[in-house]
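For reference, the structure is listed below as structure tokens.
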Amino acid sequence: MFGEYWPLVSVVIGVLILLILIMYLKLNTFIALIMTSMITGIILGMPLDKIVETVEKGMGDTLGHIAIIFGLGSILGKLLSDGGGATRIADTLINTFGKKYVTWAMIIASFIIGISLFLEVAFVLLIPLVFTLAKRMKISNLQVGIPMGTSIAVTHGFLPPHPGPVAISEAVNANIGQVLLYGLIIGIPLAIIVGGTFPKIARVLAPSAFEKEGNTASIGKMATIDPNKLPGFGISLLTALLPVILMLFATVVQLITGHDQGPTNWFESIVFLLGSSVSAMLIAVLFAIYSMGIKQSKNMTEITKTFEEAIGPIAMLLLIIGGGGTFKQVLIDGGVGDTISTIFHGTNMSPIFLAWLAAALLRVALGSTTVAAISSVGIVLPLLTSSDVNISLVVLAIGAGSIFCSHVNDAGFWMFKEYFGLTIKETFLTWTLLESILSVLGLVFILLANMML
């Protein structure tokens with residue numbers, strides 16, 4: 001009946017099955033993803049004896065590289081948090097900018113902290129600071145909270161070592177350092193523009209939201225850190241940005257020498273080694289053990305405990321990311337990408353826009369930023385081999401699409417709602433609209449960058 005379009009129909013059926021399993025049957029997301037992947041493979045007409053092989057390949061290929069970066073990133077973030085480095089960065093910037101420019105202080109502080117902390121961790125860490133600052137300066141919680149949310153959303157969608165950008169980069173064989181460089185070039189002005197203007201728009205659209213006191217019980221978390229024992233601002237900043245510095249340095253060397261395919265001498269070999277994502281994260285963690293641990297008079301037993309506390313919570317998230325990879329692989333092996341490639345053969349539609357659109361649609365359907373990003377790769381990957389496009393910008397386009405329209409099937413939606421004490425309508429008019437604006441404006445910036453490069 002559907003003929004050549006059956007693979008696309010199969011994707012729709014697969015997504016609906018996934019939604020039913022997660023939203024209505026309340027099944028664990030990882031189990032739901034594996035089941036959906038296998039069912040979708042059957043619907044696509046894949047040989048039954050090849051489906052499990054495809055699922056295993058998708059899981060292995062996705063986690064093979066990500067697990068290392070994800071684990072090291074989680075440890076670095078936890079060391080920064082427990083050692084007081086993140087608190088020192090935020091406090092210093094806010095004290096420097098003062099009440100008049102508190103919005104800009106939160107944008108900068110949250111962006112810096114958000115680079116090395118996953119969105120949920122950064123959110124939980126920064127919320128007590130938001131409430132404390134708002135109370136001290138007698139302003140609305142959202143006046144401070146929206147700039148914070150803007151920055152961590154941008155870093156989560158656009159910048160390695162966050163799992164989405166890293167996973168996409170690996171899947172399309174993009175240079176992670178170059179993705180990070182372009183991500184900063186696009187992400188910084190995006191965070192400044194949206195973070196600086198959206199609070200005013202949100203106040204007009206949802207004035208009642210700015211009157212809410214929020215869940216102020218979480219303020220107590222910030223008080224547990226003795227200000228006199230916090231590390232210095234300089235060493236805290238260096239610890240947070242060290243992996244970024246190393247990866248960017250290697251990327252700049254590659255751009256200058258033009259040897260992006262590999263080193264040609266011992267100096268380049270060392271630079272490329274230190275600037276690889278795994279090496280950069282490992283070096284940053286080792287430095288953080290000293291700067292946020294030993295230097296803070298902590299012994300190795302306490303530091304090891306921080307490691308364990310950092311790794312535990314990400315175990316299920318790793319499995320979910322792997323599950324997203326299996327769905328992606330089924331779409332690839334099942335011929336979905338080839339079907340889309342055929343449909344769009346000869347079209348003038350930009351691969352960058354198509355990448356954004358695929359990720360945005362999956363984000364609305366699935367809720368998870370990371371799963372939407374990984375799953376969309378299977379749709380757009382065949383198009384990349386037949387088009388002359390900047391792969392790094394495609395990665396960013398998928399990242400931009402993956403933060404589009406956060407709503408009731410996204411954990412971030414509920415975190416924002418509950419912490420700030422908002423109604424669902426108010427959350428739609430603030431958090432959902434914020435992420436949608438970031439996504440669309442991010443796409444515009446990416447398309448502009450593509451025209452100039």
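For the structure tokens, the naming scheme is as follows: chains receive sequential letters (A, B, ...) according to their order of presentation, residues are indexed from 1 within each chain, and ligands are indexed from 1 in presentation order.
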
> If we count only C-alpha atoms, what is near A:Val336 at a cut-off of 7 Å, once residues fewer than 3 positions away on the same chain are taken out, given as an NGL selection string?
Replying inline: :A and (7-8 or 331-332 or 339-340 or 379)

I need the chosen residues saved as a compact mmCIF listing (two decimals), in the first residue's frame, with all heavy atoms.
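File out.txt, as written:
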```
# COMPACT_ATOMS: atom_id res chain seq x y z
N PRO A 7 9.41 2.35 4.64
CA PRO A 7 10.39 2.60 5.70
C PRO A 7 10.05 3.83 6.55
O PRO A 7 10.26 3.82 7.77
CB PRO A 7 11.70 2.80 4.92
CG PRO A 7 11.51 1.98 3.69
CD PRO A 7 10.07 2.16 3.33
N LEU A 8 9.53 4.89 5.92
CA LEU A 8 9.16 6.09 6.68
C LEU A 8 7.95 5.82 7.56
O LEU A 8 7.89 6.28 8.71
CB LEU A 8 8.86 7.25 5.72
CG LEU A 8 10.02 7.73 4.86
CD1 LEU A 8 9.59 8.94 4.04
CD2 LEU A 8 11.22 8.09 5.72
N LEU A 331 17.43 1.90 12.01
CA LEU A 331 16.97 2.80 10.94
C LEU A 331 17.94 2.77 9.76
O LEU A 331 17.52 2.79 8.60
CB LEU A 331 16.83 4.23 11.46
CG LEU A 331 15.78 4.47 12.55
CD1 LEU A 331 15.71 5.94 12.91
CD2 LEU A 331 14.41 3.97 12.13
N ILE A 332 19.23 2.72 10.07
CA ILE A 332 20.24 2.69 9.00
C ILE A 332 20.18 1.37 8.24
O ILE A 332 20.05 1.33 7.02
CB ILE A 332 21.65 2.90 9.59
CG1 ILE A 332 21.80 4.32 10.15
CG2 ILE A 332 22.71 2.66 8.52
CD1 ILE A 332 23.11 4.54 10.87
N THR A 339 15.87 5.58 1.95
CA THR A 339 14.57 6.03 1.44
C THR A 339 14.49 7.55 1.46
O THR A 339 14.06 8.18 0.49
CB THR A 339 13.43 5.45 2.29
OG1 THR A 339 13.49 4.03 2.24
CG2 THR A 339 12.08 5.93 1.79
N ILE A 340 14.92 8.14 2.58
CA ILE A 340 14.90 9.60 2.68
C ILE A 340 15.86 10.21 1.67
O ILE A 340 15.56 11.24 1.05
CB ILE A 340 15.27 10.04 4.12
CG1 ILE A 340 14.18 9.59 5.09
CG2 ILE A 340 15.46 11.56 4.20
CD1 ILE A 340 14.46 9.95 6.53
N ILE A 379 18.85 8.90 10.13
CA ILE A 379 18.02 9.44 9.06
C ILE A 379 18.84 10.26 8.07
O ILE A 379 18.63 10.18 6.86
CB ILE A 379 16.88 10.29 9.66
CG1 ILE A 379 15.96 9.39 10.50
CG2 ILE A 379 16.08 10.99 8.56
CD1 ILE A 379 14.86 10.14 11.22
```

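By chain and then residue number, the residues within 12 Å of A:Phe123 are A:Ser81, A:Ala86, A:Ser110, A:Phe111, A:Ile113, A:Gly114, A:Leu117, A:Leu129, A:Val130, A:Gly145, A:Ile146, A:Pro147, A:Met148, A:Gly149, A:Thr150, A:Ser151, A:Ile152, A:Ala153, A:His156, A:Ser218, A:Ala411, A:Gly412, A:Phe413, A:Trp414, A:Met415, A:Phe416, A:Tyr419, A:Phe420, counting only C-alpha atoms and disregarding those fewer than 6 positions away in sequence.
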
> Got a sec: who's within 10 Å of stretch 421-434 of chain A, counting only C-alpha atoms, leaving out chain neighbours fewer than 5 positions off, as a ChimeraX atom specification?
Replying inline: /A:142,146-147,149-150,153,194-195,198-199,201-216,403-408,412-416,439

>> Need to verify the contact set: A:Ile43, 12 Å, only C-alpha atoms, exclusion of same-chain residues closer than 6 positions in sequence. Can you return it as number ranges by chain?
In response: A: 6-14, 17, 36-37, 51, 330-331, 334-336

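For the pair atom CA of A:Lys305 and atom CA of A:Phe287, the separation is 17.0 Å.
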
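Residue nearest A:Lys229, chosen from A:Lys298, A:Lys200, A:Lys100, A:Lys50 and counting only C-alpha atoms: A:Lys298.
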
>> Measuring between only C-alpha atoms, which one of A:Ile176, A:Ile289, A:Ala191, A:Leu282 shows the shortest distance to A:Ala109?
In response: A:Ala191

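Omitting A:Ile391 and its sequence neighbours fewer than 2 positions away, and counting only C-alpha atoms, the residues within 9 Å are A:Ser169, A:Val172, A:Asn173, A:Ala174, A:Asn175, A:Val179, A:Ile352, A:Leu384, A:Asp388, A:Val389, A:Leu393, A:Val394, A:Val395, A:Leu396.
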
>> Quick check, in Å to one decimal: how far apart do atom CA of A:Val154 and atom CA of A:Met316 lie?
In response: 23.4 Å

>> Excluding A:Ala359 and its own-chain neighbours fewer than 6 positions away, which residues fall within 7 Å of it when counting only C-alpha atoms? Please give them as a list in words.
In response: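 Listed by chain and then number, they are Ala372, Ala373, Ser376, Ile398, Gly401 and Ser402 of chain A.
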
Next, dump the selected residues to file, keeping only N, CA and C atoms, as a short mmCIF file (atom, residue, chain, number, x, y, z; two decimals), in the first residue's frame.
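Written output follows (result-v4.cif):
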```
data_model
loop_
_atom_site.label_atom_id
_atom_site.label_comp_id
_atom_site.auth_asym_id
_atom_site.auth_seq_id
_atom_site.Cartn_x
_atom_site.Cartn_y
_atom_site.Cartn_z
N ALA A 372 17.17 11.81 20.89
CA ALA A 372 16.72 12.44 19.63
C ALA A 372 17.91 12.72 18.73
N ALA A 373 19.00 13.21 19.33
CA ALA A 373 20.19 13.54 18.54
C ALA A 373 20.79 12.29 17.90
N SER A 376 18.45 10.66 15.16
CA SER A 376 18.33 11.41 13.91
C SER A 376 19.51 11.17 12.98
N ILE A 398 22.07 19.19 14.26
CA ILE A 398 21.37 18.12 14.98
C ILE A 398 21.25 18.49 16.46
N GLY A 401 18.53 21.07 16.83
CA GLY A 401 17.21 20.46 16.71
C GLY A 401 16.84 19.64 17.93
N SER A 402 17.84 19.06 18.58
CA SER A 402 17.58 18.16 19.71
C SER A 402 17.14 18.89 20.98
#
```

> Do you know which residues are at most 9 Å from A:Ile89 counting only C-alpha atoms, after dropping those on the same chain fewer than 4 positions away, and could you put them as a ChimeraX atom specification?
Replying inline: /A:84-85,93-94,109,112-113,232-234,236-237

Expected file contents, prior selection, C-alpha atoms, as a JSON list (two decimals), in the first residue's frame:
```
[["chain", "number", "residue", "atom", "x", "y", "z"],
["A", 84, "GLY", "CA", 33.62, 24.14, 45.55],
["A", 85, "GLY", "CA", 35.11, 25.21, 42.22],
["A", 93, "LEU", "CA", 31.36, 36.54, 38.54],
["A", 94, "ILE", "CA", 28.17, 37.61, 40.29],
["A", 109, "ALA", "CA", 28.85, 31.65, 35.13],
["A", 112, "ILE", "CA", 31.43, 28.12, 32.09],
["A", 113, "ILE", "CA", 30.03, 25.64, 34.61],
["A", 232, "GLY", "CA", 40.58, 30.27, 44.17],
["A", 233, "PHE", "CA", 38.75, 31.62, 41.13],
["A", 234, "GLY", "CA", 41.71, 31.15, 38.78],
["A", 236, "SER", "CA", 38.59, 26.76, 39.55],
["A", 237, "LEU", "CA", 38.24, 28.34, 36.11]]
```

> Nearest to A:Gly442: which of A:Pro165, A:Gly58, A:Gly399, A:Pro243 is it, counting only C-alpha atoms?
Replying inline: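 Of all the options, A:Gly399 lies closest to A:Gly442.
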
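For the residues A:Phe70, A:Trp266, A:Phe249, A:Phe131, ranking by smallest atom-to-atom distance to A:Pro160 using only C-alpha atoms places A:Phe70 first.
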
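Restricting the calculation to only C-alpha atoms, the smallest distance between A:Ile66 and any of A:Leu248, A:Leu448, A:Ala167, A:Ala310 is found for A:Ala167.
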
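Pairwise distance (atom CA of A:Gly324, atom CA of A:Ser375) equals 5.8 Å.
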
> Using the chain letters and numbers from this document, which residues of stretch 298-401 of chain A does DSSP assign to helix (DSSP H, G or I), as a ChimeraX atom specification?
Replying inline: /A:300-333,336-343,351-366,369-384,391-401

Generate a file of the selected residues that holds C-alpha atoms, formatted as a PDB file, in the first residue's frame.
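Listed below is the output, again_4.pdb:
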```pdb
ATOM      1  CA  MET A 300      42.296   9.789  48.310  1.00  0.00           C
ATOM      2  CA  THR A 301      39.538   7.920  50.141  1.00  0.00           C
ATOM      3  CA  GLU A 302      37.298  11.000  49.962  1.00  0.00           C
ATOM      4  CA  ILE A 303      38.258  11.621  46.335  1.00  0.00           C
ATOM      5  CA  THR A 304      37.512   8.001  45.429  1.00  0.00           C
ATOM      6  CA  LYS A 305      34.091   8.366  47.050  1.00  0.00           C
ATOM      7  CA  THR A 306      33.451  11.359  44.765  1.00  0.00           C
ATOM      8  CA  PHE A 307      34.338   9.147  41.791  1.00  0.00           C
ATOM      9  CA  GLU A 308      31.836   6.499  42.889  1.00  0.00           C
ATOM     10  CA  GLU A 309      29.091   9.070  43.485  1.00  0.00           C
ATOM     11  CA  ALA A 310      29.718  10.528  40.025  1.00  0.00           C
ATOM     12  CA  ILE A 311      29.559   7.247  38.126  1.00  0.00           C
ATOM     13  CA  GLY A 312      26.530   5.644  39.805  1.00  0.00           C
ATOM     14  CA  PRO A 313      23.833   8.034  38.547  1.00  0.00           C
ATOM     15  CA  ILE A 314      24.981   7.886  34.910  1.00  0.00           C
ATOM     16  CA  ALA A 315      24.776   4.095  34.540  1.00  0.00           C
ATOM     17  CA  MET A 316      21.160   4.071  33.366  1.00  0.00           C
ATOM     18  CA  LEU A 317      21.729   7.159  31.229  1.00  0.00           C
ATOM     19  CA  LEU A 318      24.555   5.349  29.436  1.00  0.00           C
ATOM     20  CA  LEU A 319      22.249   2.423  28.728  1.00  0.00           C
ATOM     21  CA  ILE A 320      19.570   4.800  27.429  1.00  0.00           C
ATOM     22  CA  ILE A 321      22.108   6.466  25.140  1.00  0.00           C
ATOM     23  CA  GLY A 322      23.132   3.027  23.901  1.00  0.00           C
ATOM     24  CA  GLY A 323      19.461   2.197  23.365  1.00  0.00           C
ATOM     25  CA  GLY A 324      19.135   5.304  21.228  1.00  0.00           C
ATOM     26  CA  GLY A 325      22.098   4.027  19.253  1.00  0.00           C
ATOM     27  CA  THR A 326      20.374   0.712  18.596  1.00  0.00           C
ATOM     28  CA  PHE A 327      17.323   2.518  17.230  1.00  0.00           C
ATOM     29  CA  LYS A 328      19.610   4.582  15.017  1.00  0.00           C
ATOM     30  CA  GLN A 329      21.355   1.453  13.701  1.00  0.00           C
ATOM     31  CA  VAL A 330      18.052  -0.259  12.940  1.00  0.00           C
ATOM     32  CA  LEU A 331      16.968   2.798  10.943  1.00  0.00           C
ATOM     33  CA  ILE A 332      20.239   2.688   9.002  1.00  0.00           C
ATOM     34  CA  ASP A 333      20.305  -1.068   8.360  1.00  0.00           C
ATOM     35  CA  VAL A 336      15.208   4.346   6.244  1.00  0.00           C
ATOM     36  CA  GLY A 337      18.078   6.677   5.488  1.00  0.00           C
ATOM     37  CA  ASP A 338      18.290   5.405   1.914  1.00  0.00           C
ATOM     38  CA  THR A 339      14.574   6.035   1.441  1.00  0.00           C
ATOM     39  CA  ILE A 340      14.899   9.600   2.681  1.00  0.00           C
ATOM     40  CA  SER A 341      17.976  10.068   0.534  1.00  0.00           C
ATOM     41  CA  THR A 342      15.969   8.938  -2.498  1.00  0.00           C
ATOM     42  CA  ILE A 343      13.080  11.247  -1.642  1.00  0.00           C
ATOM     43  CA  PRO A 351      21.386  18.900   4.611  1.00  0.00           C
ATOM     44  CA  ILE A 352      21.900  21.186   7.607  1.00  0.00           C
ATOM     45  CA  PHE A 353      18.218  22.107   7.702  1.00  0.00           C
ATOM     46  CA  LEU A 354      17.189  18.474   7.176  1.00  0.00           C
ATOM     47  CA  ALA A 355      19.458  17.395  10.044  1.00  0.00           C
ATOM     48  CA  TRP A 356      17.862  20.021  12.303  1.00  0.00           C
ATOM     49  CA  LEU A 357      14.349  19.049  11.225  1.00  0.00           C
ATOM     50  CA  ALA A 358      14.910  15.333  11.865  1.00  0.00           C
ATOM     51  CA  ALA A 359      16.332  15.989  15.336  1.00  0.00           C
ATOM     52  CA  ALA A 360      13.568  18.478  16.187  1.00  0.00           C
ATOM     53  CA  LEU A 361      10.796  16.045  15.214  1.00  0.00           C
ATOM     54  CA  LEU A 362      12.380  13.222  17.194  1.00  0.00           C
ATOM     55  CA  ARG A 363      12.905  15.548  20.158  1.00  0.00           C
ATOM     56  CA  VAL A 364       9.209  16.454  20.213  1.00  0.00           C
ATOM     57  CA  ALA A 365       8.283  12.782  19.948  1.00  0.00           C
ATOM     58  CA  LEU A 366      10.848  11.227  22.297  1.00  0.00           C
ATOM     59  CA  THR A 369      17.756  15.509  23.839  1.00  0.00           C
ATOM     60  CA  THR A 370      20.466  12.872  23.562  1.00  0.00           C
ATOM     61  CA  VAL A 371      18.246  10.071  22.221  1.00  0.00           C
ATOM     62  CA  ALA A 372      16.723  12.440  19.635  1.00  0.00           C
ATOM     63  CA  ALA A 373      20.189  13.537  18.541  1.00  0.00           C
ATOM     64  CA  ILE A 374      21.567  10.013  18.176  1.00  0.00           C
ATOM     65  CA  SER A 375      18.441   8.625  16.516  1.00  0.00           C
ATOM     66  CA  SER A 376      18.326  11.411  13.911  1.00  0.00           C
ATOM     67  CA  VAL A 377      21.805  10.452  12.685  1.00  0.00           C
ATOM     68  CA  GLY A 378      20.374   7.303  11.139  1.00  0.00           C
ATOM     69  CA  ILE A 379      18.022   9.436   9.062  1.00  0.00           C
ATOM     70  CA  VAL A 380      20.491  12.002   7.730  1.00  0.00           C
ATOM     71  CA  LEU A 381      23.713   9.989   7.501  1.00  0.00           C
ATOM     72  CA  PRO A 382      23.186   8.722   3.902  1.00  0.00           C
ATOM     73  CA  LEU A 383      22.653  12.280   2.684  1.00  0.00           C
ATOM     74  CA  LEU A 384      26.016  13.389   4.012  1.00  0.00           C
ATOM     75  CA  ILE A 391      30.162  17.940   8.864  1.00  0.00           C
ATOM     76  CA  SER A 392      30.819  19.920  12.057  1.00  0.00           C
ATOM     77  CA  LEU A 393      27.941  22.265  11.241  1.00  0.00           C
ATOM     78  CA  VAL A 394      25.686  19.261  10.610  1.00  0.00           C
ATOM     79  CA  VAL A 395      26.558  18.043  14.113  1.00  0.00           C
ATOM     80  CA  LEU A 396      25.583  21.439  15.530  1.00  0.00           C
ATOM     81  CA  ALA A 397      22.371  21.467  13.490  1.00  0.00           C
ATOM     82  CA  ILE A 398      21.366  18.123  14.980  1.00  0.00           C
ATOM     83  CA  GLY A 399      22.308  19.471  18.409  1.00  0.00           C
ATOM     84  CA  ALA A 400      20.163  22.556  17.831  1.00  0.00           C
ATOM     85  CA  GLY A 401      17.214  20.458  16.713  1.00  0.00           C
TER      86      GLY A 401
END
```
